[in-house]
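K.L.:
Provided herewith is a single structure, encoded as structure tokens, for subsequent inquiry.
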Amino acid sequence: MHTAVNQRPFIASSLDALAQNLQAGSPDVRKAIADTIGTSDLAAVETERSALASRFGSMRDQAANEPSHRDVNYVSRFSFVGLYQSVLSKIFSSIPDLQGYGDANPAWVTTLIEQGVFAFRSFIHQVHEDVTGRKEPLINSILKEWKNLRFERAPYPGGTPQTITLHPNATVALLADWGGDNPAARHIASVAKKQNPDIVIHLGDIYYGGVKAECETFLQQWPLQTNIRYPELGVPPGTSYALNGNHEMYSGGEAYFNVVLKAFRQPQPFFCLENQYWRIIGLDTAYAGGRLSPMGADDPINGQWNWLIGLLRNSGQKKNIFLTHHQPVSAHTDEFHDSEQLRKDVDTLLSTEGVAKDAIFGWFFGHEHRCALYRDPATRFNARLIGNGCIPHQVQTEKEADPGCTPVDYFNKRQNAPNSGAAVSTFANLIFQEPSPQLLIEYIDEDFEVWGSEQWDAEKGRLGGVKFQETDFDNKLAGKH
């Protein structure tokens, strides 16, 4: 990730400059297009120029008008804008004059590129030399990287996974929305590793657009990585799992499938781990845009849906814990409406013959860059939002859910520094305790401090166990709830 690329004014300004340059179609712009498409044919260049001007103009409008998600860092939820952020981040990191001025040196945002925001139309024509010694205007680099992107969905991995036996006393770390190369991500990785987890699971989102370079960086930063030089070989087998996120799907999921899952030796983007009392069921909600249920017989997610029904029909006494990227419930109006389809899928699932009405004991998820524990008696499962793995959001001050949305008992209101206004990043640590049916859950932040803990009990039911207990020994709470 890159500090300048994290700022919406910069993204909107640069897109505006690109759109205006492409619309004007100067000789330099036409040459950049010709170099990109590999022909100087006037008709071909004009067709490409017109298409690019329209595309970047639309992206400019999206970036300028995108609703606030209360994130401190801007990571667009529009797929093309997110991919543009991927392009800029990759280019900037390859130019010696600009690399090292990302999150490693936030002061950069007040120097070269921040000035460029106001003069970007000329800035994109400046010639830069990359680490290989190649010299070309920035606009050429942007257009070439853009052309190399994949926009359509990659083929879905076939088959269904075998259920994996989970060690009776396993520790499982859950990271969500963690896939960004920034200080918060590195802190979370370090703290998670210190828990000595047997398994680490990512609930999805590799920023900005899940492209190959970002997925490779994701592997380098992975908490259980043992080979930084060859990260695709350095993840011990059976220790790591990754779910699909909407940002991975910006680039069709290709790098997620072929880089991340390959390195994790994970055949499908869904899985099941189980021990005597519990099942952890990881599910892909991103490939179909926030859905679990297939749209028809030819829908690629049919295999996952039928596999899931089979699992739930044969749960026995085991309690099922779902993991997904997308939220099935929300305390916030926009996100609550966005999750309507997933709730309908849950209704369909729990109405399926042979599936118990209480088949889902708990559900951990991300997507929203917040941390919240929902009110268990008000939901059909214990719902836990842990989606603030590395994207700082404005510290939460709300005391209750928006009207008509899912009630919440606890919002994590801690800040990453006193009076910063930015929420601390957090992950969940699951500690199984066989032969006891109890599961200890700790919510730990990037400063190695425990926000609080709770204990689920497979025999007492989801409303039994030990309720969440919050700690406030570090003075990081923004206010009482």
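Starting from 1 in every chain, residues are counted up; chains themselves are A, B, ... following the order of the structure tokens, and ligands are numbered from 1 as listed.
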Near A:Asn416, within 10 Å and counting only C-alpha atoms, which residues show up once chain neighbours fewer than 4 positions away are dropped, as a PyMOL selection string?
P.N.:
chain A and resi 184+392+395+420-425+445-447+476-477
K.L.:
Kindly export the residues of the current selection with C-alpha atoms, as a CSV table (one decimal), in the first residue's frame.
P.N.:
```
chain,number,residue,atom,x,y,z
A,184,ALA,CA,-1.0,-2.1,11.0
A,392,PRO,CA,-7.8,2.1,10.1
A,395,VAL,CA,-12.8,5.3,16.0
A,420,SER,CA,-5.6,9.8,17.1
A,421,GLY,CA,-9.3,9.3,16.2
A,422,ALA,CA,-8.2,6.1,14.3
A,423,ALA,CA,-9.4,2.7,15.5
A,424,VAL,CA,-6.8,0.1,16.5
A,425,SER,CA,-6.5,-3.0,14.3
A,445,ASP,CA,-5.1,-5.6,19.0
A,446,GLU,CA,-1.9,-4.6,17.1
A,447,ASP,CA,-0.4,-3.3,20.4
A,476,LYS,CA,-7.7,3.6,24.6
A,477,LEU,CA,-11.4,3.8,24.7
```
K.L.:
Produce a table with one row for each residue of stretch 138-160 of chain A that has an atom at most 12 Å from any atom of stretch 208-214 of chain A, each row naming the nearest atom pair and its distance in Å at one decimal; use only C-alpha atoms; arrange rows by chain and rising residue number; format as a Markdown table.
P.N.:
```
| residue | atom | partner | partner_atom | distance |
| --- | --- | --- | --- | --- |
| A:Glu145 | CA | A:Val211 | CA | 11.0 |
| A:Trp146 | CA | A:Val211 | CA | 11.4 |
| A:Asn148 | CA | A:Val211 | CA | 10.4 |
| A:Leu149 | CA | A:Val211 | CA | 8.0 |
| A:Arg150 | CA | A:Val211 | CA | 8.7 |
| A:Phe151 | CA | A:Gly209 | CA | 10.5 |
```
K.L.:
Could you pull the residues within 6 Å of stretch 62-79 of chain A, counting only C-alpha atoms, minus those fewer than 3 positions along the same chain, as an NGL selection string?
P.N.:
:A and (6-8 or 12 or 59 or 82 or 250 or 392-394)
K.L.:
I'd like to know which residues of stretch 36-252 of chain A are strand (DSSP E or B) (by DSSP, run on the backbone); could you write them as a JSON list (two decimals) with C-alpha atoms, in the first residue's frame?
P.N.:
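Output (result-v2.json):
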```
[["chain", "number", "residue", "atom", "x", "y", "z"],
["A", 71, "ASP", "CA", -12.00, 4.62, 6.78],
["A", 127, "VAL", "CA", 9.64, 10.95, -17.29],
["A", 128, "HIS", "CA", 10.64, 8.64, -14.44],
["A", 129, "GLU", "CA", 13.27, 5.94, -14.31],
["A", 135, "LYS", "CA", 12.56, 5.59, -18.59],
["A", 136, "GLU", "CA", 9.06, 6.60, -19.65],
["A", 137, "PRO", "CA", 6.33, 9.11, -18.78],
["A", 164, "ILE", "CA", -9.59, -31.70, 8.06],
["A", 165, "THR", "CA", -9.16, -32.87, 11.65],
["A", 171, "THR", "CA", -5.17, -22.26, 18.62],
["A", 172, "VAL", "CA", -6.62, -20.62, 15.51],
["A", 173, "ALA", "CA", -5.98, -16.96, 14.67],
["A", 174, "LEU", "CA", -8.57, -15.19, 12.51],
["A", 175, "LEU", "CA", -7.45, -12.15, 10.53],
["A", 179, "GLY", "CA", -4.13, -7.90, 3.20],
["A", 199, "ILE", "CA", -3.57, -22.34, 12.16],
["A", 200, "VAL", "CA", -4.03, -18.81, 10.79],
["A", 201, "ILE", "CA", -7.04, -17.99, 8.61],
["A", 202, "HIS", "CA", -7.60, -14.85, 6.56],
["A", 206, "ILE", "CA", -6.05, -8.20, -0.28],
["A", 240, "SER", "CA", -2.95, -21.57, 6.67],
["A", 241, "TYR", "CA", -6.24, -20.89, 4.94],
["A", 242, "ALA", "CA", -7.58, -17.88, 3.04]]
```
K.L.:
Which residue out of A:Gly452, A:Pro328, A:Pro418, A:Pro377 has the minimum interatomic distance to A:Thr285 when only C-alpha atoms are used?
P.N.:
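Smallest separation from A:Thr285 among the options: A:Pro328.
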K.L.:
Output as a PyMOL selection string all residues of stretch 224-464 of chain A that backbone DSSP marks as helix (DSSP H, G or I).
P.N.:
chain A and resi 231-233+246-249+254-264+302-313+333-338+340-350+376-378
K.L.:
Write out the residues from the selection above, keeping N, CA and C atoms, as a compact mmCIF listing (two decimals), in the first residue's frame.
P.N.:
```
# COMPACT_ATOMS: atom_id res chain seq x y z
N PRO A 231 8.40 -16.88 -0.86
CA PRO A 231 7.22 -17.01 0.01
C PRO A 231 6.22 -18.05 -0.46
N GLU A 232 6.22 -18.34 -1.76
CA GLU A 232 5.28 -19.34 -2.27
C GLU A 232 5.62 -20.74 -1.75
N LEU A 233 6.85 -20.88 -1.20
CA LEU A 233 7.29 -22.18 -0.68
C LEU A 233 7.38 -22.19 0.84
N ASN A 246 -13.99 -9.34 -1.65
CA ASN A 246 -14.40 -8.56 -2.81
C ASN A 246 -13.22 -7.89 -3.50
N HIS A 247 -12.17 -7.52 -2.75
CA HIS A 247 -11.02 -6.89 -3.39
C HIS A 247 -10.24 -7.89 -4.24
N GLU A 248 -10.18 -9.15 -3.84
CA GLU A 248 -9.55 -10.17 -4.68
C GLU A 248 -10.31 -10.32 -6.00
N MET A 249 -11.63 -10.15 -5.92
CA MET A 249 -12.45 -10.32 -7.11
C MET A 249 -12.42 -9.10 -8.03
N GLU A 254 -8.09 -14.22 -9.94
CA GLU A 254 -7.06 -15.05 -10.56
C GLU A 254 -5.83 -15.21 -9.66
N ALA A 255 -5.31 -14.11 -9.12
CA ALA A 255 -4.12 -14.20 -8.29
C ALA A 255 -4.42 -14.87 -6.96
N TYR A 256 -5.59 -14.62 -6.42
CA TYR A 256 -5.99 -15.29 -5.18
C TYR A 256 -6.00 -16.80 -5.39
N PHE A 257 -6.61 -17.27 -6.47
CA PHE A 257 -6.67 -18.70 -6.74
C PHE A 257 -5.29 -19.28 -7.03
N ASN A 258 -4.51 -18.59 -7.86
CA ASN A 258 -3.28 -19.18 -8.40
C ASN A 258 -2.02 -18.85 -7.62
N VAL A 259 -2.08 -17.85 -6.76
CA VAL A 259 -0.91 -17.49 -5.96
C VAL A 259 -1.14 -17.85 -4.49
N VAL A 260 -2.20 -17.31 -3.89
CA VAL A 260 -2.41 -17.52 -2.46
C VAL A 260 -2.83 -18.95 -2.14
N LEU A 261 -3.89 -19.43 -2.80
CA LEU A 261 -4.36 -20.78 -2.50
C LEU A 261 -3.30 -21.83 -2.84
N LYS A 262 -2.56 -21.59 -3.90
CA LYS A 262 -1.49 -22.52 -4.27
C LYS A 262 -0.42 -22.57 -3.18
N ALA A 263 -0.02 -21.42 -2.67
CA ALA A 263 1.00 -21.38 -1.62
C ALA A 263 0.50 -22.03 -0.33
N PHE A 264 -0.81 -21.90 -0.06
CA PHE A 264 -1.39 -22.48 1.15
C PHE A 264 -1.75 -23.96 0.96
N ASN A 302 -22.29 -23.72 -7.14
CA ASN A 302 -23.15 -24.85 -6.82
C ASN A 302 -22.43 -25.88 -5.96
N GLY A 303 -21.17 -26.15 -6.29
CA GLY A 303 -20.42 -27.16 -5.56
C GLY A 303 -20.30 -26.82 -4.09
N GLN A 304 -20.00 -25.56 -3.79
CA GLN A 304 -19.87 -25.14 -2.39
C GLN A 304 -21.22 -25.26 -1.67
N TRP A 305 -22.29 -24.82 -2.32
CA TRP A 305 -23.61 -24.84 -1.70
C TRP A 305 -24.05 -26.27 -1.36
N ASN A 306 -23.90 -27.19 -2.30
CA ASN A 306 -24.30 -28.58 -2.06
C ASN A 306 -23.41 -29.23 -1.00
N TRP A 307 -22.12 -28.91 -1.05
CA TRP A 307 -21.19 -29.42 -0.03
C TRP A 307 -21.58 -28.93 1.36
N LEU A 308 -21.96 -27.65 1.46
CA LEU A 308 -22.34 -27.08 2.74
C LEU A 308 -23.61 -27.74 3.28
N ILE A 309 -24.59 -27.96 2.42
CA ILE A 309 -25.82 -28.62 2.86
C ILE A 309 -25.50 -30.02 3.38
N GLY A 310 -24.62 -30.71 2.68
CA GLY A 310 -24.23 -32.04 3.13
C GLY A 310 -23.57 -32.02 4.50
N LEU A 311 -22.71 -31.05 4.71
CA LEU A 311 -22.06 -30.92 6.01
C LEU A 311 -23.08 -30.69 7.13
N LEU A 312 -23.99 -29.76 6.90
CA LEU A 312 -24.95 -29.40 7.94
C LEU A 312 -25.94 -30.53 8.21
N ARG A 313 -26.24 -31.31 7.20
CA ARG A 313 -27.12 -32.46 7.41
C ARG A 313 -26.45 -33.54 8.26
N THR A 333 -26.81 1.08 8.49
CA THR A 333 -27.88 1.01 7.50
C THR A 333 -27.41 0.52 6.14
N ASP A 334 -26.37 1.14 5.58
CA ASP A 334 -25.93 0.76 4.23
C ASP A 334 -25.47 -0.69 4.19
N GLU A 335 -24.65 -1.07 5.17
CA GLU A 335 -24.12 -2.43 5.20
C GLU A 335 -25.21 -3.45 5.51
N PHE A 336 -26.19 -3.05 6.30
CA PHE A 336 -27.31 -3.94 6.59
C PHE A 336 -28.09 -4.24 5.32
N HIS A 337 -28.34 -3.22 4.51
CA HIS A 337 -29.04 -3.44 3.25
C HIS A 337 -28.19 -4.25 2.28
N ASP A 338 -26.87 -4.01 2.29
CA ASP A 338 -25.99 -4.77 1.40
C ASP A 338 -25.99 -6.26 1.71
N GLU A 340 -28.52 -8.09 2.69
CA GLU A 340 -29.86 -8.68 2.62
C GLU A 340 -29.84 -10.02 1.89
N GLN A 341 -29.11 -10.10 0.78
CA GLN A 341 -29.08 -11.35 0.02
C GLN A 341 -28.48 -12.48 0.84
N LEU A 342 -27.43 -12.19 1.60
CA LEU A 342 -26.81 -13.23 2.41
C LEU A 342 -27.77 -13.72 3.50
N ARG A 343 -28.56 -12.82 4.06
CA ARG A 343 -29.55 -13.26 5.04
C ARG A 343 -30.62 -14.13 4.39
N LYS A 344 -31.01 -13.80 3.16
CA LYS A 344 -31.96 -14.65 2.45
C LYS A 344 -31.36 -16.04 2.20
N ASP A 345 -30.07 -16.07 1.89
CA ASP A 345 -29.40 -17.35 1.69
C ASP A 345 -29.41 -18.18 2.97
N VAL A 346 -29.22 -17.51 4.10
CA VAL A 346 -29.26 -18.21 5.40
C VAL A 346 -30.65 -18.78 5.63
N ASP A 347 -31.69 -18.00 5.32
CA ASP A 347 -33.06 -18.48 5.47
C ASP A 347 -33.27 -19.73 4.62
N THR A 348 -32.79 -19.68 3.39
CA THR A 348 -32.94 -20.84 2.49
C THR A 348 -32.18 -22.04 3.03
N LEU A 349 -30.98 -21.80 3.48
CA LEU A 349 -30.13 -22.87 4.00
C LEU A 349 -30.78 -23.56 5.20
N LEU A 350 -31.26 -22.76 6.15
CA LEU A 350 -31.81 -23.32 7.38
C LEU A 350 -33.23 -23.86 7.19
N ASP A 376 -26.48 -11.53 20.98
CA ASP A 376 -26.77 -12.92 20.65
C ASP A 376 -28.26 -13.27 20.68
N PRO A 377 -29.05 -12.85 21.67
CA PRO A 377 -30.47 -13.21 21.65
C PRO A 377 -31.24 -12.62 20.48
N ALA A 378 -30.68 -11.60 19.84
CA ALA A 378 -31.37 -10.93 18.73
C ALA A 378 -31.02 -11.52 17.38
```
K.L.:
For A:Pro168, find every residue with an atom within 12 Å (counting only C-alpha atoms), except residues of its own chain fewer than 4 positions away, and show them as a short mmCIF file (atom, residue, chain, number, x, y, z; two decimals) with C-alpha atoms, in the first residue's frame.
P.N.:
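The file below, part.cif, is the result:
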```cif
data_model
loop_
_atom_site.label_atom_id
_atom_site.label_comp_id
_atom_site.auth_asym_id
_atom_site.auth_seq_id
_atom_site.Cartn_x
_atom_site.Cartn_y
_atom_site.Cartn_z
CA VAL A 172 -6.62 -20.62 15.51
CA ASP A 198 -1.52 -23.85 14.97
CA LEU A 273 -11.89 -28.09 10.06
CA GLU A 274 -13.36 -30.14 12.90
CA ASN A 275 -12.63 -31.67 16.28
CA GLN A 276 -14.85 -33.49 18.78
CA TYR A 277 -17.14 -30.56 19.55
CA TRP A 278 -16.65 -27.92 16.87
CA ARG A 279 -16.53 -27.33 13.15
CA ILE A 431 -8.37 -21.44 21.70
CA PHE A 432 -9.97 -24.89 21.78
CA GLN A 433 -9.88 -26.65 25.14
CA GLU A 434 -10.71 -30.32 24.72
CA PRO A 435 -11.70 -32.50 26.51
CA SER A 436 -13.80 -29.51 27.60
CA PRO A 437 -16.53 -28.39 25.16
CA GLN A 438 -15.51 -24.78 25.76
CA LEU A 439 -13.92 -22.43 23.24
#
```
K.L.:
For stretch 145-247 of chain A versus stretch 295-301 of chain A, which residues have an atom no more than 12 Å away, and what is each residue's nearest atom pair and distance in Å rounded to one decimal, using only C-alpha atoms, chain-then-number order, as JSON lines?
P.N.:
```
{"residue": "A:Arg153", "atom": "CA", "partner": "A:Pro300", "partner_atom": "CA", "distance": 10.8}
{"residue": "A:Ala154", "atom": "CA", "partner": "A:Pro300", "partner_atom": "CA", "distance": 10.8}
{"residue": "A:Pro155", "atom": "CA", "partner": "A:Pro300", "partner_atom": "CA", "distance": 8.3}
{"residue": "A:Tyr156", "atom": "CA", "partner": "A:Pro300", "partner_atom": "CA", "distance": 6.2}
{"residue": "A:Pro157", "atom": "CA", "partner": "A:Pro300", "partner_atom": "CA", "distance": 8.6}
{"residue": "A:Gly158", "atom": "CA", "partner": "A:Pro300", "partner_atom": "CA", "distance": 8.5}
{"residue": "A:Gly159", "atom": "CA", "partner": "A:Pro300", "partner_atom": "CA", "distance": 10.7}
{"residue": "A:Thr160", "atom": "CA", "partner": "A:Ile301", "partner_atom": "CA", "distance": 10.7}
```
K.L.:
Please identify all polymer residues within 12 Å of A:Val450, counting only C-alpha atoms, omitting same-chain residues fewer than 2 positions from it, and present them as a VMD selection string.
P.N.:
chain A and resid 191 to 192 195 412 414 424 to 429 441 to 448 452 to 454 468 to 474 476
K.L.:
Can you write out the residues you just picked, keeping C-alpha atoms, as a PDB file, in the first residue's frame?
P.N.:
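Output (again08.pdb):
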```
ATOM      1  CA  VAL A 191       1.246 -10.178  17.421  1.00  0.00           C
ATOM      2  CA  ALA A 192      -0.638 -13.110  15.855  1.00  0.00           C
ATOM      3  CA  GLN A 195       0.229 -16.415  20.024  1.00  0.00           C
ATOM      4  CA  ASN A 412     -14.438  -1.790  19.859  1.00  0.00           C
ATOM      5  CA  ARG A 414     -10.100   1.771  21.132  1.00  0.00           C
ATOM      6  CA  VAL A 424      -6.817   0.146  16.539  1.00  0.00           C
ATOM      7  CA  SER A 425      -6.538  -2.962  14.344  1.00  0.00           C
ATOM      8  CA  THR A 426      -7.634  -6.249  15.894  1.00  0.00           C
ATOM      9  CA  PHE A 427      -7.817  -9.986  15.257  1.00  0.00           C
ATOM     10  CA  ALA A 428      -9.589 -12.892  16.968  1.00  0.00           C
ATOM     11  CA  ASN A 429      -7.766 -15.775  18.641  1.00  0.00           C
ATOM     12  CA  ILE A 441     -12.134 -16.356  22.150  1.00  0.00           C
ATOM     13  CA  GLU A 442      -9.786 -13.408  22.658  1.00  0.00           C
ATOM     14  CA  TYR A 443      -9.856 -10.157  20.692  1.00  0.00           C
ATOM     15  CA  ILE A 444      -6.283  -8.888  20.516  1.00  0.00           C
ATOM     16  CA  ASP A 445      -5.070  -5.622  18.999  1.00  0.00           C
ATOM     17  CA  GLU A 446      -1.949  -4.577  17.129  1.00  0.00           C
ATOM     18  CA  ASP A 447      -0.354  -3.335  20.377  1.00  0.00           C
ATOM     19  CA  PHE A 448      -0.544  -6.844  21.887  1.00  0.00           C
ATOM     20  CA  GLY A 452     -11.709  -8.561  25.801  1.00  0.00           C
ATOM     21  CA  SER A 453     -12.621 -12.239  25.776  1.00  0.00           C
ATOM     22  CA  GLU A 454     -15.586 -14.601  25.880  1.00  0.00           C
ATOM     23  CA  PHE A 468     -17.809 -11.143  26.740  1.00  0.00           C
ATOM     24  CA  GLN A 469     -15.759  -9.192  29.264  1.00  0.00           C
ATOM     25  CA  GLU A 470     -14.127  -5.996  28.080  1.00  0.00           C
ATOM     26  CA  THR A 471     -10.885  -4.629  29.506  1.00  0.00           C
ATOM     27  CA  ASP A 472      -9.999  -0.942  29.726  1.00  0.00           C
ATOM     28  CA  PHE A 473      -6.545  -0.907  31.226  1.00  0.00           C
ATOM     29  CA  ASP A 474      -4.847   0.935  28.395  1.00  0.00           C
ATOM     30  CA  LYS A 476      -7.657   3.632  24.556  1.00  0.00           C
TER      31      LYS A 476
END
```
K.L.:
Could you give me, as a compact mmCIF listing (two decimals) with N, CA and C atoms, in the first residue's frame, the residues within 9 Å of A:Ala189, counting only C-alpha atoms and dropping anything in the same chain fewer than 4 positions from it?
P.N.:
```
# COMPACT_ATOMS: atom_id res chain seq x y z
N LEU A 175 -7.77 -13.50 10.99
CA LEU A 175 -7.45 -12.15 10.53
C LEU A 175 -8.46 -11.77 9.45
N TRP A 178 -7.03 -7.89 6.23
CA TRP A 178 -5.65 -7.73 6.69
C TRP A 178 -4.66 -7.55 5.54
N ALA A 184 0.00 -1.34 10.26
CA ALA A 184 -1.00 -2.08 11.03
C ALA A 184 -0.98 -3.56 10.68
N ALA A 185 -0.87 -3.87 9.39
CA ALA A 185 -0.82 -5.27 8.96
C ALA A 185 0.41 -5.97 9.53
N LYS A 193 1.56 -14.01 15.39
CA LYS A 193 2.61 -15.04 15.45
C LYS A 193 3.02 -15.34 16.88
N LYS A 194 3.03 -14.33 17.74
CA LYS A 194 3.42 -14.52 19.14
C LYS A 194 2.41 -15.35 19.92
N GLN A 221 4.20 -11.22 3.95
CA GLN A 221 3.84 -10.68 5.26
C GLN A 221 3.11 -11.70 6.14
N TRP A 222 2.77 -12.85 5.61
CA TRP A 222 1.94 -13.82 6.32
C TRP A 222 2.57 -14.22 7.66
N PRO A 223 1.78 -14.27 8.74
CA PRO A 223 2.35 -14.54 10.07
C PRO A 223 3.16 -15.83 10.18
N LEU A 224 2.81 -16.86 9.41
CA LEU A 224 3.50 -18.14 9.50
C LEU A 224 4.52 -18.34 8.39
N GLU A 446 -3.29 -4.67 17.70
CA GLU A 446 -1.95 -4.58 17.13
C GLU A 446 -0.88 -4.19 18.14
```
K.L.:
For A:Phe381, which residue out of A:Trp456, A:Phe411, A:Tyr230, A:Phe218 is the nearest one, using only C-alpha atoms?
P.N.:
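Of the candidates, the smallest distance to A:Phe381 is held by A:Trp456.
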K.L.:
Could you give me, as a PyMOL selection string, the residues within 12 Å of A:His326, counting only C-alpha atoms and dropping anything in the same chain fewer than 6 positions from it?
P.N.:
chain A and resi 176-177+203-205+243-247+282-292+335-336+338-343+363-369+383-387
K.L.:
Using C-alpha atoms, can you export the residues from the last selection as a compact mmCIF listing (two decimals), in the first residue's frame?
P.N.:
```
# COMPACT_ATOMS: atom_id res chain seq x y z
CA ALA A 176 -9.93 -10.13 8.46
CA ASP A 177 -9.34 -7.33 5.93
CA LEU A 203 -11.23 -13.85 6.04
CA GLY A 204 -10.50 -12.00 2.81
CA ASP A 205 -9.48 -8.69 1.21
CA LEU A 243 -11.10 -16.89 2.09
CA ASN A 244 -12.02 -14.88 -0.97
CA GLY A 245 -12.83 -11.16 -0.57
CA ASN A 246 -14.40 -8.56 -2.81
CA HIS A 247 -11.02 -6.89 -3.39
CA GLY A 282 -14.88 -21.34 5.76
CA LEU A 283 -17.08 -20.15 2.89
CA ASP A 284 -16.60 -18.09 -0.26
CA THR A 285 -19.13 -15.24 -0.43
CA ALA A 286 -17.07 -13.06 -2.79
CA TYR A 287 -17.06 -14.96 -6.06
CA ALA A 288 -20.79 -14.39 -6.44
CA GLY A 289 -20.79 -10.86 -5.03
CA GLY A 290 -22.00 -11.51 -1.49
CA ARG A 291 -24.09 -14.62 -2.13
CA LEU A 292 -23.91 -18.22 -0.93
CA GLU A 335 -24.12 -2.43 5.20
CA PHE A 336 -27.31 -3.94 6.59
CA ASP A 338 -25.99 -4.77 1.40
CA SER A 339 -26.19 -8.02 3.38
CA GLU A 340 -29.86 -8.68 2.62
CA GLN A 341 -29.08 -11.35 0.02
CA LEU A 342 -26.81 -13.23 2.41
CA ARG A 343 -29.55 -13.26 5.04
CA TRP A 363 -20.25 -16.62 12.55
CA PHE A 364 -17.04 -14.57 12.23
CA PHE A 365 -16.82 -12.15 9.29
CA GLY A 366 -15.15 -9.01 7.97
CA HIS A 367 -15.79 -6.64 5.03
CA GLU A 368 -16.85 -3.76 7.26
CA HIS A 369 -13.67 -2.25 8.65
CA ALA A 383 -22.28 -12.85 15.08
CA ARG A 384 -18.80 -11.34 15.39
CA LEU A 385 -17.40 -8.64 13.08
CA ILE A 386 -13.58 -8.56 13.11
CA GLY A 387 -12.96 -6.69 9.86
```
K.L.:
Expressed in Å to a single decimal, how great is the separation between atom CA of A:Pro294 and atom CA of A:Phe361?
P.N.:
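Those two atoms sit 23.0 Å apart.
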K.L.:
To one decimal in Å, tell me the separation between atom CA of A:Leu83 and atom CA of A:Thr217.
P.N.:
15.9 Å
K.L.:
Mind giving me the straight-line distance from atom CA of A:Phe322 to atom CA of A:Ile281 in Å, one decimal?
P.N.:
4.9 Å
K.L.:
In terms of the shortest atom-to-atom distance over only C-alpha atoms, which of A:Leu42, A:Ile11, A:Val355, A:Cys371 is closest to A:Ile391?
P.N.:
A:Cys371
